[in-house]
Every structure is written in C-alpha cells, then in structure tokens.
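Q: My structure is in protein24.txt, and what it holds is compact mmCIF, C-alpha atoms:
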```txt
# COMPACT_ATOMS: atom_id res chain seq x y z
CA MET A 1439 83.33 94.97 105.21
CA LYS A 1440 82.62 98.61 104.48
CA LEU A 1441 85.31 100.96 105.83
CA LEU A 1442 84.75 104.69 106.25
CA ALA A 1443 87.95 106.74 105.99
CA LEU A 1444 88.42 110.36 107.08
CA SER A 1445 91.14 112.98 106.61
CA THR A 1446 91.08 116.55 107.99
CA SER A 1447 94.76 117.18 108.80
CA THR A 1448 95.33 119.70 105.97
CA PRO A 1449 93.31 122.39 104.15
CA ARG A 1450 91.74 119.64 102.03
CA GLY A 1451 89.32 117.43 103.90
CA SER A 1452 88.11 114.14 102.50
CA ALA A 1453 85.93 111.14 103.22
CA ALA A 1454 85.76 107.80 101.43
CA LEU A 1455 83.84 104.56 101.72
CA LEU A 1456 85.69 101.41 100.68
CA ASP A 1457 84.69 97.77 100.48
CA ALA A 1458 86.90 94.83 101.51
CA ALA A 1459 84.68 91.80 101.16
CA ASP A 1460 87.22 89.41 102.68
CA LEU A 1461 87.07 91.29 105.99
CA ASP A 1462 83.37 90.76 106.63
CA GLY A 1463 83.09 89.82 110.28
CA PRO A 1464 86.63 90.66 111.51
CA ALA A 1465 87.63 90.79 115.15
CA ARG A 1466 86.75 94.12 116.76
CA THR A 1467 90.27 95.46 116.87
CA ALA A 1468 92.04 98.58 115.74
CA ALA A 1469 95.59 99.40 114.88
CA PRO A 1470 96.76 102.91 115.74
CA PRO A 1471 100.20 103.90 114.47
CA SER A 1472 103.02 104.76 116.85
CA SER A 1473 105.19 107.86 116.61
CA GLY A 1474 108.34 105.75 116.36
CA SER A 1475 110.16 104.41 113.36
CA SER A 1476 107.56 101.72 112.78
CA ALA A 1477 104.93 104.34 112.01
CA GLY A 1478 105.24 103.72 108.30
CA LEU A 1479 103.51 101.52 105.82
CA ALA A 1480 103.59 98.58 108.22
CA SER A 1481 100.74 96.95 106.36
CA ALA A 1482 100.53 97.01 102.60
CA PRO A 1483 98.00 99.60 101.37
CA ASP A 1484 95.18 97.58 99.87
CA ALA A 1485 95.03 98.95 96.33
CA GLY A 1486 92.53 96.19 95.53
CA ALA A 1487 89.92 97.46 97.98
CA ARG A 1488 86.97 98.80 96.04
CA VAL A 1489 86.22 102.50 96.45
CA LEU A 1490 82.45 102.85 96.71
CA ALA A 1491 82.39 106.64 97.05
CA ALA A 1492 84.73 109.50 97.86
CA THR A 1493 84.55 113.27 98.24
CA THR A 1494 86.88 116.15 98.99
CA TYR A 1495 86.50 119.80 99.97
CA ALA A 1496 88.85 122.71 100.72
CA ASP A 1497 88.24 124.43 104.06
CA LEU A 1498 91.05 124.41 106.65
CA HIS A 1499 89.00 126.18 109.29
CA GLY A 1500 85.69 124.45 108.61
CA HIS A 1501 86.46 120.77 109.12
CA ALA A 1502 84.27 120.44 112.21
CA GLU A 1503 81.30 121.79 110.27
CA ARG A 1504 81.95 119.92 107.03
CA ILE A 1505 83.31 116.45 107.79
CA PHE A 1506 79.95 114.97 108.79
CA GLY A 1507 78.40 116.40 105.65
CA ALA A 1508 81.15 114.65 103.70
CA ILE A 1509 80.36 111.41 105.53
CA ASP A 1510 76.68 111.75 104.67
CA GLN A 1511 77.63 112.45 101.05
CA VAL A 1512 79.70 109.27 100.57
CA LEU A 1513 77.12 107.12 102.33
CA ALA A 1514 74.38 108.54 100.12
CA ALA A 1515 76.48 108.11 96.97
CA ALA A 1516 77.07 104.45 97.87
CA CYS A 1517 73.43 103.95 98.90
CA MET A 1518 74.59 102.69 102.29
CA PRO A 1519 73.16 103.42 105.74
CA ALA A 1520 75.57 104.38 108.51
CA ALA A 1521 74.89 101.01 110.14
CA ALA A 1522 76.60 99.32 107.18
CA VAL A 1523 79.98 100.77 108.19
CA GLY A 1524 82.11 97.97 109.64
CA ALA A 1525 85.34 99.86 110.39
CA LEU A 1526 86.90 103.32 110.44
CA GLY A 1527 90.20 104.53 109.00
CA CYS A 1528 91.44 107.83 110.34
CA ASP A 1529 94.15 110.32 109.38
CA VAL A 1530 95.83 110.95 112.75
CA GLY A 1531 98.28 113.60 111.53
CA PRO A 1532 100.60 115.32 111.61
CA GLY A 1533 99.06 118.46 110.20
CA SER A 1534 96.81 121.23 111.42
CA PHE A 1535 96.47 120.85 115.20
CA THR A 1536 92.72 121.48 115.14
CA GLY A 1537 92.16 119.60 111.91
CA VAL A 1538 93.84 116.45 113.19
CA ARG A 1539 91.63 116.51 116.28
CA VAL A 1540 88.48 116.82 114.19
CA ALA A 1541 89.04 113.57 112.26
CA VAL A 1542 90.18 111.66 115.34
CA ALA A 1543 87.19 112.80 117.37
CA ALA A 1544 84.79 112.05 114.52
CA ALA A 1545 86.26 108.60 113.89
CA LYS A 1546 86.23 107.70 117.56
CA GLY A 1547 82.64 108.85 117.96
CA VAL A 1548 81.37 106.91 114.95
CA ALA A 1549 83.40 103.80 115.78
CA LEU A 1550 82.26 103.72 119.40
CA ALA A 1551 78.62 104.32 118.41
CA LEU A 1552 78.71 101.47 115.88
CA ASP A 1553 81.03 99.24 117.96
CA VAL A 1554 83.44 98.78 115.06
CA PRO A 1555 87.26 98.77 114.81
CA THR A 1556 89.43 101.71 113.81
CA ALA A 1557 92.87 102.00 112.24
CA GLY A 1558 94.96 105.14 112.57
CA VAL A 1559 97.05 106.13 109.55
CA THR A 1560 99.50 109.03 109.40
CA SER A 1561 98.96 111.77 106.85
CA LEU A 1562 102.50 111.40 105.51
CA GLU A 1563 102.30 107.65 104.93
CA ALA A 1564 99.06 108.09 102.99
CA MET A 1565 100.83 110.55 100.67
CA ALA A 1566 103.78 108.17 100.34
CA ALA A 1567 101.52 105.24 99.45
CA ALA A 1568 99.81 107.30 96.77
CA ALA A 1569 103.17 108.41 95.35
CA PHE A 1570 104.53 104.87 95.07
CA ALA A 1571 101.28 103.63 93.55
CA ALA A 1572 101.27 106.45 90.98
CA GLY A 1573 104.84 105.66 89.93
CA ALA A 1574 106.11 109.04 91.16
CA ALA A 1575 108.71 107.13 93.19
CA SER A 1576 110.24 103.67 92.88
CA PRO A 1577 111.72 101.27 95.45
CA GLY A 1578 115.18 102.51 96.33
CA ASP A 1579 114.31 106.19 95.88
CA LEU A 1580 114.13 108.47 98.89
CA LEU A 1581 110.50 109.57 98.97
CA VAL A 1582 109.78 112.50 101.28
CA PRO A 1583 106.19 113.68 101.78
CA LEU A 1584 105.84 117.14 103.30
CA ILE A 1585 102.98 119.04 104.94
CA ASP A 1586 102.96 122.71 105.87
CA ALA A 1587 103.44 122.95 109.65
CA LYS A 1588 103.07 126.76 109.68
CA LYS A 1589 105.49 128.96 111.67
CA GLY A 1590 108.06 128.54 108.93
CA GLU A 1591 108.23 124.77 109.38
CA VAL A 1592 107.24 121.58 107.59
CA PHE A 1593 106.26 118.12 108.76
CA LEU A 1594 108.07 115.36 106.89
CA ALA A 1595 108.92 111.67 106.89
CA ALA A 1596 111.05 109.55 104.56
CA PHE A 1597 110.31 106.25 102.82
CA ASP A 1598 112.44 104.09 100.53
CA ARG A 1599 109.92 101.49 99.42
CA PRO A 1600 106.17 100.85 99.52
CA ALA A 1601 104.49 98.83 102.26
CA ALA A 1602 107.45 99.26 104.61
CA PRO A 1603 108.16 101.22 107.80
CA SER A 1604 109.32 104.78 107.31
CA GLU A 1605 113.07 105.27 107.09
CA VAL A 1606 112.62 108.52 109.03
CA PRO A 1607 109.53 108.86 111.26
CA PRO A 1608 107.39 112.01 111.17
CA ARG A 1609 109.22 115.10 112.40
CA HIS A 1610 109.15 118.88 112.00
CA LEU A 1611 111.92 121.06 110.59
CA PRO A 1612 112.36 124.71 109.61
CA ARG A 1613 111.60 125.20 105.92
CA ASP A 1614 115.08 126.54 105.24
CA ALA A 1615 116.64 123.41 106.76
CA ALA A 1616 114.49 120.90 104.88
CA PHE A 1617 116.60 120.59 101.73
CA ASP A 1618 119.87 120.02 103.58
CA ALA A 1619 118.24 117.46 105.88
CA ILE A 1620 116.75 115.57 102.94
CA ALA A 1621 119.99 115.69 100.93
CA ALA A 1622 121.90 114.28 103.90
CA LEU A 1623 119.49 111.36 104.06
CA ALA A 1624 119.63 110.61 100.36
CA ALA A 1625 123.20 109.26 100.27
CA GLY A 1626 123.22 109.32 96.48
CA ARG A 1627 119.67 108.07 95.99
CA ARG A 1628 117.14 109.79 93.77
CA ILE A 1629 115.05 112.19 95.84
CA VAL A 1630 111.32 112.55 95.26
CA VAL A 1631 109.36 115.11 97.24
CA VAL A 1632 105.56 115.27 97.39
CA GLY A 1633 103.28 117.73 99.12
CA ALA A 1634 101.87 121.04 97.90
CA VAL A 1635 104.10 122.97 100.29
CA ALA A 1636 107.21 121.82 98.38
CA GLU A 1637 106.32 124.31 95.63
CA GLU A 1638 106.82 127.11 98.17
CA ILE A 1639 110.41 126.03 98.97
CA GLU A 1640 112.71 127.01 96.12
CA ALA A 1641 115.36 124.36 96.79
CA LEU A 1642 112.77 121.57 96.83
CA ARG A 1643 110.73 122.69 93.84
CA PRO A 1644 112.82 120.78 91.24
CA LEU A 1645 112.37 117.57 93.26
CA ALA A 1646 108.61 117.87 93.67
CA VAL A 1647 105.99 115.71 91.99
CA ARG A 1648 102.41 116.96 92.06
CA GLY A 1649 99.11 115.08 92.10
CA GLU A 1650 95.79 115.22 93.94
CA ALA A 1651 96.66 112.47 96.43
CA LEU A 1652 100.30 113.56 96.49
CA ASP A 1653 99.70 117.22 97.38
CA PHE A 1654 97.65 116.36 100.47
CA PRO A 1655 96.62 113.14 102.23
CA ASP A 1656 93.49 111.60 100.76
CA ALA A 1657 90.85 109.53 102.53
CA VAL A 1658 91.00 106.87 99.80
CA TRP A 1659 94.62 106.09 100.70
CA ILE A 1660 93.91 106.40 104.41
CA GLY A 1661 91.26 103.74 103.85
CA ARG A 1662 93.46 101.44 101.79
CA ILE A 1663 96.21 101.42 104.42
CA ALA A 1664 93.64 101.02 107.20
CA ILE A 1665 92.19 97.94 105.49
CA GLY A 1666 95.67 96.43 105.29
CA ARG A 1667 96.16 97.00 109.01
CA LEU A 1668 92.79 95.56 109.95
CA ARG A 1669 93.44 92.55 107.72
CA THR A 1670 96.72 91.94 109.58
CA ALA A 1671 94.98 92.29 112.94
CA ALA A 1672 92.22 89.87 111.90
CA ALA A 1673 94.71 87.32 110.58
CA GLY A 1674 96.67 87.53 113.83
CA GLY A 1675 93.54 86.89 115.90
CA GLU A 1676 94.37 89.56 118.51
CA ARG A 1677 92.74 88.89 121.85
CA GLY A 1678 92.85 90.12 125.43
CA ARG A 1679 95.33 92.89 126.17
CA ALA A 1680 96.44 93.23 122.54
CA ALA A 1681 92.87 93.78 121.41
CA ALA A 1682 92.18 96.19 124.28
CA GLU A 1683 95.16 98.31 123.26
CA HIS A 1684 93.60 98.65 119.82
CA ASP A 1685 90.22 99.88 121.01
CA ALA A 1686 88.81 102.92 119.16
CA ALA A 1687 88.66 104.81 122.45
CA LEU A 1688 92.46 104.79 122.54
CA LEU A 1689 92.97 106.27 119.08
CA GLU A 1690 95.12 109.39 119.51
CA PRO A 1691 96.35 112.23 117.27
CA LEU A 1692 99.98 112.33 116.19
CA TYR A 1693 100.92 115.99 116.62
CA VAL A 1694 104.74 115.62 116.30
CA ARG A 1695 105.17 119.23 117.47
CA ALA A 1696 104.00 120.25 120.93
CA PRO A 1697 100.99 122.61 120.97
CA ASP A 1698 101.52 126.27 121.76
CA ALA A 1699 98.88 126.33 124.47
CA LYS A 1700 100.19 125.31 127.87
CA PRO A 1701 98.41 124.77 131.21
CA ALA A 1702 98.36 127.83 133.43
CA GLU A 1703 100.83 127.81 136.29
CA LEU A 1704 99.53 127.22 139.78
CA GLY A 1705 98.24 130.49 141.23
CA TYR A 1706 97.99 132.25 137.85
CA THR A 1707 95.29 134.89 137.69
CA PRO A 1708 94.16 136.04 134.24
CA PRO A 1709 94.21 139.80 133.58
CA ARG A 1710 90.93 141.59 133.98
```
Is it possible to give me this structure as structure tokens?

A:
Amino acid sequence: MKLLALSTSTPRGSAALLDAADLDGPARTAAPPSSGSSAGLASAPDAGARVLAATTYADLHGHAERIFGAIDQVLAAACMPAAAVGALGCDVGPGSFTGVRVAVAAAKGVALALDVPTAGVTSLEAMAAAAFAAGAASPGDLLVPLIDAKKGEVFLAAFDRPAAPSEVPPRHLPRDAAFDAIAALAAGRRIVVVGAVAEEIEALRPLAVRGEALDFPDAVWIGRIAIGRLRTAAAGGERGRAAAEHDAALLEPLYVRAPDAKPAELGYTPPR
C-alpha cells in the first residue's frame, strides 16, 4: 500500500509517499486521533515503512498554493500516478489555524476522490516519534515537543516513551509559563524539549534538541504513525459503526485553542 502523508501545521510544509507492502488491500477505514489523553503514539510509528519520496518547503502563508505542488512532486519522484495512493496520513494539528485546515481539507479531498482510508496524526506526536527514533530522548525521559502558537503562547504535549499515549495531551500555555509547567511534570526525570520555538524561550534553550524532524512536524513521521494506525485498524477488522466513525469525511482538525473569529450575534449589523 502506498500512503501519501501531508503536513502544513507550521511554517514548514511537507509531503511524503511511503510504501507498506503488508497493507495492500486493507479495509477502508481511518483512524483520527482524539483530543484526549489517548491522542499519543497509540500505534507504533512504522520506522520500517519504505519512504519512496519526500519534500519540504518553507511558506507559512502559502500552504494552500503549495501543498498540491508538493504532492505532485513526490508522486513524480516515485514514478507513481495518483491512483496508486492507497491511504492518506494527515497532520491534524495543533499549529497554524489556517495551515492545519489546509492539510485536513487536502487529505479529505484526495481520500474521498480515491475512496481510500485516512489516519489523522497530531503534529506534536510526529515530532515526539522523530525525537525518540533519533535518540534525542529515551524511555523514561520527559519529552516535550513544542510549536509556536503565536500570541505569546506555545502548543505542547508530553511523552515518556515511544509508541505510547501522551502523558499530557496537546494544550496551549503562555511562553513564560512553559518552563514551570514542564518542570512540574518532570518529577526528577530528564527533560528533553524539541521544537524550533524552544530556542526563543531562554529557560527552555538548555533543554532543547534540534533536528529537521524535531524542529517541526515532518510528513515522513506523519506517514509512519499513520501506517501503524491503519495496520491496527486492518488487523482489528473494523466493520459497521466503528468503520463509519473512521471515514475520511469525518477527519477533523485539532485546534486545541479556540479560534479568534466568532459568529456574529443575532441582529448584528456591520459598520458601513
């Protein structure tokens, strides 16, 4: 099975095409993450999945214009037609409000057009998976991936081992409260922080580990986790209501923080 993975939740967008031969012909199911404590590495990221092609670009405000070009690029590099894609993996956030929506909308559109399954993966768990795989953190450490949430805040989650639910689910905190919150969670454990934004927070800088897939979520790791989730779904033989709940049409962004825009009150008249 060829899985197309997308990430547009941060200034760095990415697309990747991976191959998991043992999933050829899986049930048409998808596994979106929840916003609760189980939204972690519930399925082991499939480090053995073969990466056929991958690309990245930097353009926070141009994801809508560039993500389909990135898709075309990885398909061309792998010499694969779009019809060869058998599943989608999607970065569902948190991150840039607009950026998160771009990947989710693109993944849903492609998956529904091709009638293939999708798996939602959070941006923070993709960074955590990459950090554990790179040896930046070890089981028993407190690994905290961070993403710039703007407005003086960060998005973060906490993990203590690979392929396990997050110890702390995705949340947003003021930048100046991040260190104290992380230190309180550590309880004597070694703290490892990943995410480019950590370099901008003086108290976190000594704890930060840098790397391409550690600074921002990467589609390769979105894809590896997605393959693990789809493998679990296929092995479980989901049917009926369970399968319906995993339909690509139901894939949703994980914003964590409520959007600024709010519906107009009844009777509101805009100024002229």

Q: List the neighbours of segment 1607-1610 of chain A out to 6 Å using only C-alpha atoms; skip same-chain residues closer than 3 positions along the sequence, and give me the result as an MDAnalysis selection string.

A: chainID A and resid 1475 1592:1595 1604 1694

Q: What does the distance between atom CA of Phe1654 of chain A and atom CA of Gly1537 of chain A come to in Å, to one decimal place?

A: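 Atom CA of Gly1537 of chain A lies at a distance of 13.1 Å from atom CA of Phe1654 of chain A.
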
Q: Have a look at A:Ala1492, A:Leu1552, A:Ala1459, A:Val1630 and name the one nearest to Ala1508 of chain A; count all atoms listed in the file.

A: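 Closest to Ala1508 of chain A, using all atoms listed in the file: A:Ala1492.
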
Q: Skip Glu1638 of chain A itself and residues of its chain fewer than 4 positions away, then list as number ranges by chain all residues within 10 Å of it, counting all atoms listed in the file.

A: A: 1586, 1613, 1634, 1642-1643

Q: Show me the residues around (96.0, 103.4, 103.7) - criterion: an atom at most 10 Å away, all atoms listed in the file counted - as a PDB file with C-alpha atoms, in the coordinates of the input.

A:
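And here is the file that came out, part.pdb:
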```pdb
ATOM      1  CA  ALA A1443      87.950 106.740 105.990  1.00  0.00           C
ATOM      2  CA  LEU A1479     103.510 101.520 105.820  1.00  0.00           C
ATOM      3  CA  SER A1481     100.740  96.950 106.360  1.00  0.00           C
ATOM      4  CA  ALA A1482     100.530  97.010 102.600  1.00  0.00           C
ATOM      5  CA  PRO A1483      98.000  99.600 101.370  1.00  0.00           C
ATOM      6  CA  ASP A1484      95.180  97.580  99.870  1.00  0.00           C
ATOM      7  CA  ALA A1485      95.030  98.950  96.330  1.00  0.00           C
ATOM      8  CA  GLY A1527      90.200 104.530 109.000  1.00  0.00           C
ATOM      9  CA  CYS A1528      91.440 107.830 110.340  1.00  0.00           C
ATOM     10  CA  ASP A1529      94.150 110.320 109.380  1.00  0.00           C
ATOM     11  CA  ALA A1557      92.870 102.000 112.240  1.00  0.00           C
ATOM     12  CA  GLY A1558      94.960 105.140 112.570  1.00  0.00           C
ATOM     13  CA  VAL A1559      97.050 106.130 109.550  1.00  0.00           C
ATOM     14  CA  THR A1560      99.500 109.030 109.400  1.00  0.00           C
ATOM     15  CA  SER A1561      98.960 111.770 106.850  1.00  0.00           C
ATOM     16  CA  GLU A1563     102.300 107.650 104.930  1.00  0.00           C
ATOM     17  CA  ALA A1564      99.060 108.090 102.990  1.00  0.00           C
ATOM     18  CA  MET A1565     100.830 110.550 100.670  1.00  0.00           C
ATOM     19  CA  ALA A1566     103.780 108.170 100.340  1.00  0.00           C
ATOM     20  CA  ALA A1567     101.520 105.240  99.450  1.00  0.00           C
ATOM     21  CA  ALA A1568      99.810 107.300  96.770  1.00  0.00           C
ATOM     22  CA  ALA A1601     104.490  98.830 102.260  1.00  0.00           C
ATOM     23  CA  PRO A1655      96.620 113.140 102.230  1.00  0.00           C
ATOM     24  CA  ASP A1656      93.490 111.600 100.760  1.00  0.00           C
ATOM     25  CA  ALA A1657      90.850 109.530 102.530  1.00  0.00           C
ATOM     26  CA  VAL A1658      91.000 106.870  99.800  1.00  0.00           C
ATOM     27  CA  TRP A1659      94.620 106.090 100.700  1.00  0.00           C
ATOM     28  CA  ILE A1660      93.910 106.400 104.410  1.00  0.00           C
ATOM     29  CA  GLY A1661      91.260 103.740 103.850  1.00  0.00           C
ATOM     30  CA  ARG A1662      93.460 101.440 101.790  1.00  0.00           C
ATOM     31  CA  ILE A1663      96.210 101.420 104.420  1.00  0.00           C
ATOM     32  CA  ALA A1664      93.640 101.020 107.200  1.00  0.00           C
ATOM     33  CA  ILE A1665      92.190  97.940 105.490  1.00  0.00           C
ATOM     34  CA  GLY A1666      95.670  96.430 105.290  1.00  0.00           C
ATOM     35  CA  ARG A1667      96.160  97.000 109.010  1.00  0.00           C
TER      36      ARG A1667
END
```

Q: Atom CA of Lys1589 of chain A and atom CA of Ala1625 of chain A are how many Å apart?

A: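 Spanning atom CA of Lys1589 of chain A to atom CA of Ala1625 of chain A is a straight-line distance of 28.8 Å.
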
Q: Rounded to one decimal in Å, what is the spacing between atom CA of Asp1685 of chain A and atom CA of Leu1441 of chain A?

A: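 Atom CA of Leu1441 of chain A lies at a distance of 16.0 Å from atom CA of Asp1685 of chain A.
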